[in-house]
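Shown here: target39.txt, compact mmCIF, C-alpha atoms.
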# COMPACT_ATOMS: atom_id res chain seq x y z
CA MET A 295 40.12 -0.65 29.05
CA LYS A 296 41.69 2.77 28.75
CA TRP A 297 38.30 4.27 29.47
CA CYS A 298 38.20 2.38 32.74
CA ASN A 299 41.73 3.20 33.78
CA GLU A 300 40.77 6.82 33.61
CA ASN A 301 37.94 6.08 36.01
CA ALA A 302 39.71 4.16 38.74
CA TRP A 303 36.91 4.78 41.20
CA LEU A 304 34.63 2.80 38.95
CA TRP A 305 36.57 -0.35 39.62
CA ILE A 306 36.57 0.27 43.35
CA LEU A 307 32.83 0.81 43.34
CA LEU A 308 31.94 -1.81 40.77
CA PRO A 309 31.00 -4.53 43.28
CA ALA A 310 28.61 -2.16 45.00
CA MET A 311 27.09 -1.09 41.69
CA VAL A 312 26.62 -4.66 40.55
CA MET A 313 25.08 -5.73 43.83
CA VAL A 314 22.72 -2.81 43.99
CA CYS A 315 21.64 -2.75 40.41
CA GLY A 316 21.82 -6.35 39.30
CA PRO A 317 20.02 -7.09 36.08
CA VAL A 318 18.16 -4.04 34.88
CA PRO A 319 14.46 -4.68 35.35
CA ALA A 320 11.85 -4.12 32.69
CA HIS A 321 8.80 -3.83 34.85
CA ALA A 322 5.33 -4.75 33.74
CA HIS A 323 2.12 -5.97 35.27
CA ALA A 324 0.31 -8.94 33.92
CA ILE A 325 -3.11 -10.53 34.14
CA ALA A 326 -3.86 -14.23 33.76
CA GLY A 327 -7.49 -15.10 34.36
CA MET A 328 -8.54 -13.71 37.73
CA ARG A 329 -4.93 -13.10 38.77
CA LEU A 330 -3.18 -9.77 38.50
CA PHE A 331 0.57 -10.02 38.90
CA PRO A 332 1.81 -6.59 39.98
CA ALA A 333 5.10 -5.18 38.80
CA THR A 334 7.76 -6.30 41.23
CA LEU A 335 10.44 -3.85 42.34
CA ASN A 336 13.53 -6.01 41.79
CA PHE A 337 13.04 -8.09 38.69
CA ASP A 338 10.99 -8.50 35.54
CA ASP A 339 7.38 -9.51 35.63
CA PRO A 340 6.02 -12.15 33.30
CA GLY A 341 3.81 -9.84 31.25
CA VAL A 342 4.20 -7.77 28.09
CA ALA A 343 2.51 -4.43 28.72
CA ASP A 344 2.45 -0.71 28.10
CA GLU A 345 3.85 0.86 31.22
CA ALA A 346 6.17 3.50 32.61
CA SER A 347 7.80 3.25 36.00
CA TRP A 348 10.27 4.78 38.37
CA ILE A 349 11.92 3.10 41.35
CA PHE A 350 14.11 4.75 43.95
CA ASN A 351 16.61 2.70 45.92
CA HIS A 352 18.71 3.78 48.88
CA ILE A 353 21.23 1.42 50.47
CA ASN A 354 24.73 1.29 51.89
CA VAL A 355 26.87 -1.38 50.26
CA GLY A 356 30.32 -1.93 51.67
CA GLY A 357 30.50 1.59 53.04
CA THR A 358 29.20 3.21 49.88
CA GLU A 359 26.00 5.21 50.26
CA THR A 360 24.06 4.47 47.11
CA ASN A 361 21.00 6.21 45.70
CA VAL A 362 19.55 4.95 42.44
CA LEU A 363 16.58 6.26 40.48
CA ASN A 364 15.53 3.74 37.85
CA LEU A 365 13.31 4.78 34.94
CA ALA A 366 11.66 2.33 32.56
CA TYR A 367 9.27 2.48 29.66
CA ALA A 368 7.61 -0.55 28.10
CA LYS A 369 5.76 -0.48 24.77
CA THR A 370 3.77 -3.25 23.14
CA ILE A 371 4.29 -3.72 19.43
CA THR A 372 1.75 -6.52 19.24
CA PRO A 373 -0.33 -7.90 22.12
CA ARG A 374 2.38 -10.55 22.69
CA PHE A 375 5.55 -8.69 21.77
CA GLY A 376 6.98 -5.56 23.30
CA LEU A 377 10.07 -3.42 23.67
CA VAL A 378 11.50 -1.94 26.85
CA ALA A 379 13.96 0.90 27.47
CA THR A 380 15.37 1.55 30.90
CA THR A 381 18.17 3.35 32.63
CA ASP A 382 18.95 4.77 36.02
CA TYR A 383 20.61 7.75 37.62
CA GLN A 384 23.07 6.77 40.33
CA GLY A 385 24.67 8.66 43.16
CA LEU A 386 27.48 6.80 44.90
CA VAL A 387 29.11 8.25 48.00
CA PRO A 388 31.96 6.04 49.19
CA ASN A 389 33.38 6.50 52.64
CA GLY A 390 36.20 9.04 52.49
CA MET A 391 36.33 9.15 48.71
CA PRO A 392 34.89 11.45 46.07
CA SER A 393 31.31 10.78 45.14
CA LEU A 394 30.18 9.62 41.74
CA HIS A 395 27.00 10.70 40.01
CA GLY A 396 25.62 9.99 36.59
CA TRP A 397 23.44 8.00 34.28
CA ASP A 398 23.96 4.30 33.93
CA ASN A 399 23.91 2.54 30.58
CA VAL A 400 20.67 2.47 28.64
CA THR A 401 19.23 -1.02 28.43
CA VAL A 402 16.88 -2.04 25.65
CA ALA A 403 14.99 -5.30 25.64
CA ALA A 404 12.62 -7.27 23.46
CA ALA A 405 10.05 -9.41 25.24
CA TYR A 406 7.69 -12.10 23.97
CA GLN A 407 4.67 -13.45 25.84
CA LEU A 408 5.44 -17.15 25.67
CA PHE A 409 2.21 -18.40 27.26
CA LYS A 410 -0.76 -17.26 29.30
CA HIS A 411 -3.29 -19.72 30.70
CA ASP A 412 -6.24 -17.98 32.32
CA ASP A 413 -7.69 -21.02 34.09
CA ALA A 414 -4.32 -22.04 35.53
CA GLU A 415 -3.39 -18.45 36.37
CA SER A 416 -0.02 -19.07 34.76
CA ILE A 417 1.99 -16.82 32.51
CA GLY A 418 5.48 -16.87 31.01
CA LEU A 419 7.74 -14.51 29.09
CA LEU A 420 11.01 -14.68 27.18
CA SER A 421 13.16 -11.61 26.75
CA LEU A 422 16.55 -10.53 25.51
CA ALA A 423 18.08 -7.37 26.93
CA ASP A 424 21.20 -5.44 26.00
CA SER A 425 22.81 -2.93 28.32
CA ILE A 426 24.48 -0.74 25.73
CA GLY A 427 28.12 -0.01 26.40
CA TYR A 428 29.20 3.63 26.48
CA SER A 429 25.57 4.80 26.57
CA GLY A 430 25.87 5.92 30.19
CA SER A 431 27.99 8.57 31.81
CA ARG A 432 31.72 8.05 32.18
CA ALA A 433 31.36 8.07 35.95
CA VAL A 434 28.72 5.38 36.30
CA GLY A 435 28.12 3.62 32.99
CA THR A 436 30.23 0.79 31.68
CA PRO A 437 32.34 0.74 28.52
CA TYR A 438 30.99 -2.63 27.50
CA SER A 439 27.61 -4.10 26.69
CA THR A 440 25.91 -6.89 28.57
CA TRP A 441 23.51 -9.29 26.88
CA THR A 442 20.91 -10.94 29.10
CA PRO A 443 18.44 -13.58 27.91
CA GLU A 444 15.70 -14.22 30.44
CA PHE A 445 12.68 -16.36 31.27
CA ALA A 446 10.09 -14.90 33.65
CA PHE A 447 7.00 -16.64 34.97
CA GLY A 448 4.02 -16.21 37.25
CA LYS A 449 1.71 -18.75 38.82
CA GLY A 450 -1.36 -18.12 40.96
CA LEU A 451 -2.60 -20.74 43.40
CA GLY A 452 -6.30 -20.09 42.80
CA GLN A 453 -6.88 -23.75 41.89
CA VAL A 454 -5.73 -25.28 45.17
CA SER A 455 -8.42 -26.58 47.51
CA ALA A 456 -7.30 -24.70 50.62
CA ASN A 457 -9.06 -21.34 50.58
CA TRP A 458 -6.33 -19.62 52.57
CA LEU A 459 -3.79 -20.50 49.88
CA LYS A 460 -5.81 -19.30 46.88
CA PRO A 461 -4.68 -15.64 47.14
CA VAL A 462 -1.02 -16.71 47.01
CA ALA A 463 0.98 -16.27 43.82
CA LEU A 464 4.58 -16.95 42.89
CA THR A 465 6.58 -15.08 40.29
CA GLY A 466 10.17 -15.49 39.24
CA ALA A 467 12.80 -14.68 36.66
CA ILE A 468 16.01 -16.41 35.69
CA SER A 469 18.61 -14.98 33.35
CA GLU A 470 22.29 -15.04 32.57
CA SER A 471 24.30 -11.93 31.86
CA PHE A 472 27.04 -12.03 29.22
CA PRO A 473 29.32 -8.98 29.32
CA THR A 474 31.08 -8.24 26.05
CA ASP A 475 34.21 -7.43 28.09
CA SER A 476 35.79 -10.83 28.62
CA SER A 477 37.44 -9.68 31.83
CA MET A 478 34.04 -9.25 33.48
CA PRO A 479 32.27 -12.24 35.01
CA ARG A 480 29.10 -13.81 33.74
CA THR A 481 26.33 -13.87 36.31
CA LEU A 482 23.29 -16.01 36.84
CA ASN A 483 20.42 -13.81 37.96
CA TRP A 484 17.63 -15.64 39.70
CA ALA A 485 14.80 -14.07 41.58
CA PHE A 486 11.38 -14.99 42.85
CA SER A 487 8.57 -13.48 44.86
CA VAL A 488 5.80 -14.76 47.10
CA GLN A 489 2.68 -12.60 47.03
CA TYR A 490 -0.58 -12.62 48.98
CA SER A 491 -3.28 -10.75 47.08
CA ILE A 492 -5.91 -9.16 49.29
CA PRO A 493 -7.93 -8.14 46.19
CA TYR A 494 -7.96 -11.79 45.13
CA LEU A 495 -8.99 -12.87 48.61
CA GLN A 496 -11.90 -10.46 48.81
CA ASN A 497 -13.07 -10.71 45.19
CA PHE A 498 -12.83 -14.44 44.60
CA VAL A 499 -12.41 -16.35 47.88
CA ARG A 500 -13.94 -14.64 50.92
CA TYR A 501 -14.82 -11.05 51.68
CA VAL A 502 -13.22 -10.22 55.02
CA GLY A 503 -14.36 -6.61 55.27
CA LEU A 504 -11.09 -4.84 54.48
CA LYS A 505 -11.66 -1.33 53.13
CA ALA A 506 -9.42 1.12 51.27
CA PRO A 507 -6.50 1.32 51.18
CA PHE A 508 -5.99 -2.22 52.50
CA ASN A 509 -8.37 -3.86 50.03
CA ASN A 510 -5.96 -3.08 47.18
CA MET A 511 -2.77 -4.21 48.87
CA ILE A 512 -0.57 -7.16 48.02
CA PRO A 513 1.94 -8.04 50.74
CA ILE A 514 5.02 -9.44 49.04
CA ILE A 515 8.47 -10.83 49.69
CA GLU A 516 10.98 -10.63 46.87
CA PHE A 517 14.20 -12.64 46.70
CA PRO A 518 16.54 -11.12 44.08
CA MET A 519 19.74 -13.20 43.83
CA GLN A 520 22.89 -13.25 41.73
CA THR A 521 25.44 -15.99 41.39
CA CYS A 522 28.81 -15.25 39.82
CA LEU A 523 29.69 -17.89 37.24
CA ASP A 524 33.36 -17.33 36.51
CA ARG A 525 36.43 -15.14 36.89
CA GLY A 526 37.47 -14.45 40.46
CA CYS A 527 34.05 -14.71 42.03
CA HIS A 528 32.94 -18.09 40.74
CA GLY A 529 30.12 -19.53 42.82
CA GLN A 530 29.63 -16.48 45.00
CA THR A 531 25.97 -15.65 45.56
CA THR A 532 24.69 -12.31 46.69
CA GLY A 533 21.16 -11.11 47.13
CA TYR A 534 18.45 -9.74 49.32
CA VAL A 535 15.24 -10.69 51.05
CA ASP A 536 12.83 -7.83 50.44
CA PRO A 537 9.58 -7.82 52.42
CA GLY A 538 7.11 -5.10 51.50
CA VAL A 539 3.74 -4.21 50.11
CA ILE A 540 2.39 -3.21 46.70
CA TRP A 541 -0.79 -1.19 46.30
CA ILE A 542 -2.62 -1.55 43.00
CA GLY A 543 -5.10 0.93 41.59
CA HIS A 544 -6.91 1.70 38.34
CA TYR A 545 -4.07 3.42 36.62
CA PHE A 546 -0.96 2.91 38.69
CA GLN A 547 0.60 1.00 41.51
CA TRP A 548 3.10 1.91 44.17
CA GLY A 549 5.26 -0.33 46.27
CA VAL A 550 7.71 -0.11 49.14
CA GLU A 551 10.13 -2.80 50.27
CA LEU A 552 12.90 -3.22 52.80
CA GLN A 553 16.16 -4.69 51.49
CA VAL A 554 17.82 -7.19 53.79
CA PRO A 555 21.15 -8.59 52.56
CA ILE A 556 21.40 -12.39 52.68
CA ASN A 557 25.10 -12.58 53.53
CA HIS A 558 28.23 -10.60 54.31
CA GLN A 559 29.27 -10.49 50.65
CA THR A 560 26.06 -8.68 49.83
CA GLY A 561 26.45 -6.13 52.60
CA ASN A 562 25.73 -5.37 56.19
CA SER A 563 23.15 -2.63 55.89
CA MET A 564 19.50 -2.68 55.06
CA GLY A 565 18.14 -0.56 52.23
CA ILE A 566 14.79 0.61 51.00
CA LEU A 567 13.00 0.50 47.65
CA PHE A 568 10.08 2.68 46.65
CA GLY A 569 8.52 2.76 43.22
CA MET A 570 5.53 3.65 41.10
CA ASP A 571 4.32 1.99 37.94
CA PHE A 572 1.81 3.59 35.59
CA TYR A 573 -0.49 1.34 33.56
CA LEU A 574 -0.45 3.05 30.19
CA ASP A 575 -2.83 0.49 28.72
CA ASP A 576 -5.41 1.73 31.22
CA ILE A 577 -4.44 5.42 31.20
CA ALA A 578 -4.52 5.74 27.41
CA PRO A 579 -6.04 2.53 26.03
CA HIS A 580 -6.60 3.99 22.57
CA GLY A 581 -3.37 5.95 22.38
CA ILE A 582 0.09 5.36 23.77
CA GLY A 583 -1.19 2.38 25.77
CA ALA A 584 -2.36 0.32 22.81
CA PRO A 585 -0.20 -2.10 20.82
CA LEU A 586 1.06 -0.64 17.56
CA ILE A 587 -0.26 -3.68 15.71
CA GLU A 588 -3.45 -5.29 17.04
CA MET B 19 21.91 9.79 25.38
CA PRO B 20 20.84 12.96 27.22
CA LYS B 21 17.92 13.26 24.80
CA ILE B 22 16.80 9.74 25.53
CA THR B 23 16.91 10.08 29.28
CA SER B 24 15.33 13.51 29.18
CA LEU B 25 12.52 12.14 27.08
CA MET B 26 11.97 9.29 29.51
CA LEU B 27 12.03 11.63 32.46
CA VAL B 28 9.49 13.95 30.89
CA LEU B 29 7.33 10.99 29.96
CA CYS B 30 7.34 9.58 33.48
CA LEU B 31 6.62 12.92 35.07
CA THR B 32 3.82 13.89 32.73
CA LEU B 33 2.00 10.60 32.49
CA PRO B 34 0.31 10.84 35.89
CA VAL B 35 -1.55 13.93 34.72
CA ALA B 36 -2.47 12.52 31.33
CA PRO B 37 -6.23 12.46 30.83
CA SER B 38 -7.67 9.31 32.33
CA VAL B 39 -10.12 7.29 30.33
CA TRP B 40 -11.14 3.88 31.67
CA ALA B 41 -9.38 0.83 32.98
CA HIS B 42 -9.75 -2.89 33.64
CA ALA B 43 -12.89 -3.36 35.73
CA PHE B 44 -12.61 -5.37 38.92
CA PRO B 45 -15.26 -6.00 41.61
CA GLU B 46 -15.42 -3.56 44.48
CA ASN B 47 -18.28 -5.08 46.43
CA SER B 48 -21.00 -7.65 46.04
CA SER B 49 -24.27 -8.84 47.53
CA PRO B 50 -24.10 -11.46 48.83
CA HIS B 51 -20.48 -11.05 49.88
CA VAL B 52 -17.82 -13.32 48.40
CA GLY B 53 -17.67 -16.58 50.38
CA SER B 54 -20.55 -15.61 52.68
CA GLU B 55 -22.85 -18.08 54.42
CA LEU B 56 -26.47 -16.94 54.30
CA THR B 57 -29.32 -18.06 56.53
CA ALA B 58 -31.86 -17.20 53.83
CA SER B 59 -31.83 -17.24 50.06
CA PRO B 60 -31.06 -13.91 48.38
CA LYS B 61 -33.48 -12.61 45.76
CA VAL B 62 -30.86 -10.95 43.60
CA VAL B 63 -27.11 -11.10 43.19
CA LYS B 64 -25.29 -7.80 42.66
CA ILE B 65 -21.68 -6.90 41.92
CA TRP B 66 -20.39 -3.34 42.01
CA PHE B 67 -17.29 -2.75 39.88
CA ASP B 68 -14.64 -0.10 40.23
CA GLY B 69 -15.50 1.42 36.86
CA ASP B 70 -18.24 1.64 34.27
CA ILE B 71 -18.95 -1.52 32.31
CA GLU B 72 -20.50 -2.17 28.91
CA PRO B 73 -24.11 -3.38 29.19
CA VAL B 74 -24.11 -5.39 25.96
CA PHE B 75 -21.14 -7.62 26.74
CA SER B 76 -21.30 -7.98 30.53
CA THR B 77 -22.86 -11.08 32.05
CA LEU B 78 -23.62 -12.46 35.50
CA ILE B 79 -24.84 -16.03 35.99
CA VAL B 80 -25.43 -18.01 39.20
CA LYS B 81 -25.10 -21.78 39.19
CA ASN B 82 -25.63 -24.41 41.87
CA ALA B 83 -23.03 -26.99 42.86
CA GLY B 84 -24.23 -29.27 40.06
CA GLY B 85 -23.62 -26.60 37.45
CA THR B 86 -27.27 -25.81 36.78
CA GLN B 87 -28.07 -22.16 36.25
CA VAL B 88 -30.37 -20.79 38.98
CA SER B 89 -30.41 -17.15 37.93
CA GLN B 90 -32.62 -15.58 35.29
CA GLY B 91 -31.06 -14.60 31.99
CA ARG B 92 -27.50 -13.35 31.71
CA GLY B 93 -27.76 -10.45 34.10
CA GLN B 94 -27.88 -6.76 33.28
CA VAL B 95 -26.10 -3.54 34.02
CA SER B 96 -28.20 -1.17 36.13
CA ALA B 97 -29.69 1.67 34.13
CA SER B 98 -28.93 4.13 36.91
CA ASP B 99 -25.50 2.84 37.92
CA LYS B 100 -23.14 1.71 35.18
CA THR B 101 -20.86 0.06 37.73
CA LEU B 102 -23.57 -2.32 38.96
CA LEU B 103 -24.13 -5.73 37.38
CA GLU B 104 -27.09 -7.70 38.77
CA THR B 105 -29.28 -10.69 38.17
CA ALA B 106 -32.48 -11.99 39.70
CA LEU B 107 -32.70 -15.55 40.95
CA GLY B 108 -35.38 -17.87 39.62
CA GLY B 109 -36.79 -18.50 43.08
CA PRO B 110 -35.71 -19.23 46.65
CA LEU B 111 -32.49 -21.21 46.64
CA PRO B 112 -32.39 -24.46 48.60
CA PRO B 113 -29.47 -24.94 51.02
CA GLY B 114 -26.19 -25.54 49.27
CA GLN B 115 -23.18 -23.85 47.71
CA TYR B 116 -23.60 -21.58 44.70
CA TRP B 117 -21.16 -19.99 42.31
CA VAL B 118 -21.44 -16.57 40.77
CA TYR B 119 -19.79 -16.24 37.34
CA TRP B 120 -19.21 -12.76 35.98
CA SER B 121 -17.64 -11.47 32.81
CA VAL B 122 -17.43 -7.79 31.99
CA ILE B 123 -16.05 -5.46 29.38
CA ALA B 124 -14.84 -2.14 30.73
CA ARG B 125 -15.60 1.00 28.76
CA ASP B 126 -12.14 0.89 27.20
CA GLY B 127 -12.67 -2.63 25.89
CA HIS B 128 -10.61 -4.48 28.49
CA HIS B 129 -12.13 -7.82 29.48
CA THR B 130 -12.07 -9.26 32.98
CA ALA B 131 -13.89 -12.26 34.38
CA GLY B 132 -14.14 -14.17 37.63
CA ARG B 133 -16.22 -16.31 39.90
CA PHE B 134 -16.93 -16.57 43.61
CA PRO B 135 -18.97 -18.81 45.89
CA PHE B 136 -21.63 -18.23 48.53
CA THR B 137 -23.56 -20.70 50.64
CA VAL B 138 -27.21 -20.88 51.64
CA GLN B 139 -27.58 -22.73 54.92
Go ahead and render the structure in this file as structure tokens.
Amino acid sequence: MKWCNENAWLWILLPAMVMVCGPVPAHAHAIAGMRLFPATLNFDDPGVADEASWIFNHINVGGTETNVLNLAYAKTITPRFGLVATTDYQGLVPNGMPSLHGWDNVTVAAAYQLFKHDDAESIGLLSLADSIGYSGSRAVGTPYSTWTPEFAFGKGLGQVSANWLKPVALTGAISESFPTDSSMPRTLNWAFSVQYSIPYLQNFVRYVGLKAPFNNMIPIIEFPMQTCLDRGCHGQTTGYVDPGVIWIGHYFQWGVELQVPINHQTGNSMGILFGMDFYLDDIAPHGIGAPLIE
Amino acid sequence: MPKITSLMLVLCLTLPVAPSVWAHAFPENSSPHVGSELTASPKVVKIWFDGDIEPVFSTLIVKNAGGTQVSQGRGQVSASDKTLLETALGGPLPPGQYWVYWSVIARDGHHTAGRFPFTVQ
């Protein structure tokens, strides 16, 4: 705790940091049958993959201008098991107070592909992440670790009878964060997305004549939420509704989303997310993009 | 810690210029179009992919609503265009709905497969 007392601003800004960052994502894209689940910008995808990504986030939370650049790298060890390392660089500019800049804690995660059913376009993943205490800068990182077990899933609606619904897919992730500092609250992180795949529409349902770049776009709405489970914030839920679009290509994807806070506790200002994700398994399928053990 | 983040930063910045090889192959266009309603039977079914595909392992089969194959053979990759998978039909198709089943291996070994319908009126 001494470390934190020396960084009083950290405690003032902690709510903003928690709300903005939430659980650290380990992005990945996944394929189940004819369905490609793109990497979402706010939470983990249900696939184990070889990928590298960056996501930039700008938002004002409670009067604090916040800019976050998240970097992540995912590596498959076997086709069903992978490791992820991620961190982010944060710039926090509170109203009338000194700004804070620095690297957040490094988070490492192990992920296992629990199931993948091609015909049902369904896929699921289990992971365990650890945000390593003291691994970030004194200004932004935390002096304690946070363990986060998670289940992530994806489900395409290609089997429904209504053609207009077939391009729709749902993805989600639910996890609980356990800080090693007992004074910090546990949080339930729950998030889901609704996606409408134009590639799926035109390749498998009905060609409607959309050309590039629209033929590779997936309009999406993400709902990243957090519910505090104990301490002084028990039961309080914060989160965003993030409408946007993701464009998928051969070797990478990019996405942009608006962040709309769901309630006053989350904030009063809208933010923006922009990110790119590089498919290493496609860029270097026989090198860095291949599992270490086939 | 600085070494780790520096390494990640360098990795992310340099990967976009890493030499590209091949990727998962997905359809880019087809004839007839996905979900189209035709007034006359097509003679061939063609699918253009967004990358080169392996001739030996790529297949294209057309079946009628009853599941009977109406195309000839298992399809073939065009000799002049490695992104084109095509198959000839056994004869004029009677009115009805048909399904095109494709399965391809991209040049890097990634497998993709799919199906789509078209209708002959």
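When the distance limit is 9 Å and only C-alpha atoms are what count, the residues near region 94-97 of chain B, minus those fewer than 6 positions from it on the same chain, are Ile71, Glu72, Pro73, Val74, Ser76, Thr77, Leu78, Leu103, Glu104 and Thr105 of chain B.
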* Asked: So how far away is CA of Phe75 (chain B) from CA of Lys449 (chain A), in Å?
  ->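 Distance reported for this atom pair: 28.1 Å.
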* Structure fact -> A straight line from CA of Thr440 (chain A) to CA of Asn336 (chain A) spans 18.1 Å
* Asked: Would you list which chain A residues are within 9 Å of chain B using only C-alpha atoms, as a ChimeraX atom specification?
  -> /A:327-328,346-348,365-367,379-382,397,400,429-431,493,495-502,509,544-546,572-580
* Contacts of Val80 (chain B) within 7 Å, all atoms listed in the file, excl. fewer than 5 positions in-chain, as a list in words -> Gln87, Val88, Ser89, Tyr116, Trp117, Val118 and Tyr119 of chain B
* Asked: Gly450 (chain A): which residues within 7 Å, counting all atoms listed in the file, same-chain residues fewer than 6 positions away excluded, as a PyMOL selection string?
  -> chain A and resi 329+415-416+462-464
* To do: Show which residues sit within 9 Å of Ile514 (chain A), as an MDAnalysis selection string. Count only C-alpha atoms, and ignore same-chain residues fewer than 2 positions away.
  => chainID A and resid 334 487:491 512 516 536:540 551
* Asked: Between CA of Val550 (chain A) and CA of Glu359 (chain A), what is the distance, to one decimal in Å?
  ->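 Interatomic distance here is 19.1 Å.
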* Out of A:Ala368, A:Pro479, A:Gln553, A:Asp339, which residue has the shortest atom-to-atom distance to Phe447 (chain A) when counting only C-alpha atoms? -> A:Asp339
Let me have the centre and edge lengths of the axis-aligned box enclosing all listed atoms of region 74-89 of chain B with 5 Å padding on every side, in Å to one decimal, as JSON.
{"center_x": -25.8, "center_y": -17.3, "center_z": 34.4, "size_x": 19.3, "size_y": 33.9, "size_z": 26.9}
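Shortest separation to Thr101 (chain B) among B:Ile79, B:Trp120, B:Phe67, B:Arg125 occurs at residue B:Phe67, atoms counted being only C-alpha atoms.
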* **Which residue of A:Met391, A:Met478, A:Ile468, A:Ala405 approaches Phe517 (chain A) most closely, using only C-alpha atoms** =>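 Checking each of A:Met391, A:Met478, A:Ile468, A:Ala405 against Phe517 (chain A), counting only C-alpha atoms, the winner is A:Ile468.
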* **Asn510 (chain A) environment, 7 Å, all atoms listed in the file, sequence neighbours closer than 4 positions dropped, as a count of residues only** => 6
* How would you write as a VMD selection string the residues that get within 12 Å of (31.5, 1.2, 25.7) in the file's frame, counting all atoms listed in the file? -> chain A and resid 295 to 298 398 to 400 425 to 432 434 to 440 473 to 475
* Taking into account all atoms listed in the file, which residue in the set A:Lys410, A:His395, A:His528, A:Lys505 is nearest to Leu482 (chain A)? ->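 So, comparing all the options, the nearest one is A:His528.
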* To do: List every protein, DNA or RNA residue that has an atom no more than 12 Å from (20.5, -12.4, 38.5) in the file's coordinate frame, counting all atoms listed in the file, and report them as an MDAnalysis selection string.
  => chainID A and resid 312:319 336:338 442:446 466:472 480:486 517:523 530:534
The selected residues should be written to file as a short mmCIF file (atom, residue, chain, number, x, y, z; two decimals), in the frame of the given file (atoms: C-alpha atoms).
data_model
loop_
_atom_site.label_atom_id
_atom_site.label_comp_id
_atom_site.auth_asym_id
_atom_site.auth_seq_id
_atom_site.Cartn_x
_atom_site.Cartn_y
_atom_site.Cartn_z
CA VAL A 312 26.62 -4.66 40.55
CA MET A 313 25.08 -5.73 43.83
CA VAL A 314 22.72 -2.81 43.99
CA CYS A 315 21.64 -2.75 40.41
CA GLY A 316 21.82 -6.35 39.30
CA PRO A 317 20.02 -7.09 36.08
CA VAL A 318 18.16 -4.04 34.88
CA PRO A 319 14.46 -4.68 35.35
CA ASN A 336 13.53 -6.01 41.79
CA PHE A 337 13.04 -8.09 38.69
CA ASP A 338 10.99 -8.50 35.54
CA THR A 442 20.91 -10.94 29.10
CA PRO A 443 18.44 -13.58 27.91
CA GLU A 444 15.70 -14.22 30.44
CA PHE A 445 12.68 -16.36 31.27
CA ALA A 446 10.09 -14.90 33.65
CA GLY A 466 10.17 -15.49 39.24
CA ALA A 467 12.80 -14.68 36.66
CA ILE A 468 16.01 -16.41 35.69
CA SER A 469 18.61 -14.98 33.35
CA GLU A 470 22.29 -15.04 32.57
CA SER A 471 24.30 -11.93 31.86
CA PHE A 472 27.04 -12.03 29.22
CA ARG A 480 29.10 -13.81 33.74
CA THR A 481 26.33 -13.87 36.31
CA LEU A 482 23.29 -16.01 36.84
CA ASN A 483 20.42 -13.81 37.96
CA TRP A 484 17.63 -15.64 39.70
CA ALA A 485 14.80 -14.07 41.58
CA PHE A 486 11.38 -14.99 42.85
CA PHE A 517 14.20 -12.64 46.70
CA PRO A 518 16.54 -11.12 44.08
CA MET A 519 19.74 -13.20 43.83
CA GLN A 520 22.89 -13.25 41.73
CA THR A 521 25.44 -15.99 41.39
CA CYS A 522 28.81 -15.25 39.82
CA LEU A 523 29.69 -17.89 37.24
CA GLN A 530 29.63 -16.48 45.00
CA THR A 531 25.97 -15.65 45.56
CA THR A 532 24.69 -12.31 46.69
CA GLY A 533 21.16 -11.11 47.13
CA TYR A 534 18.45 -9.74 49.32
#
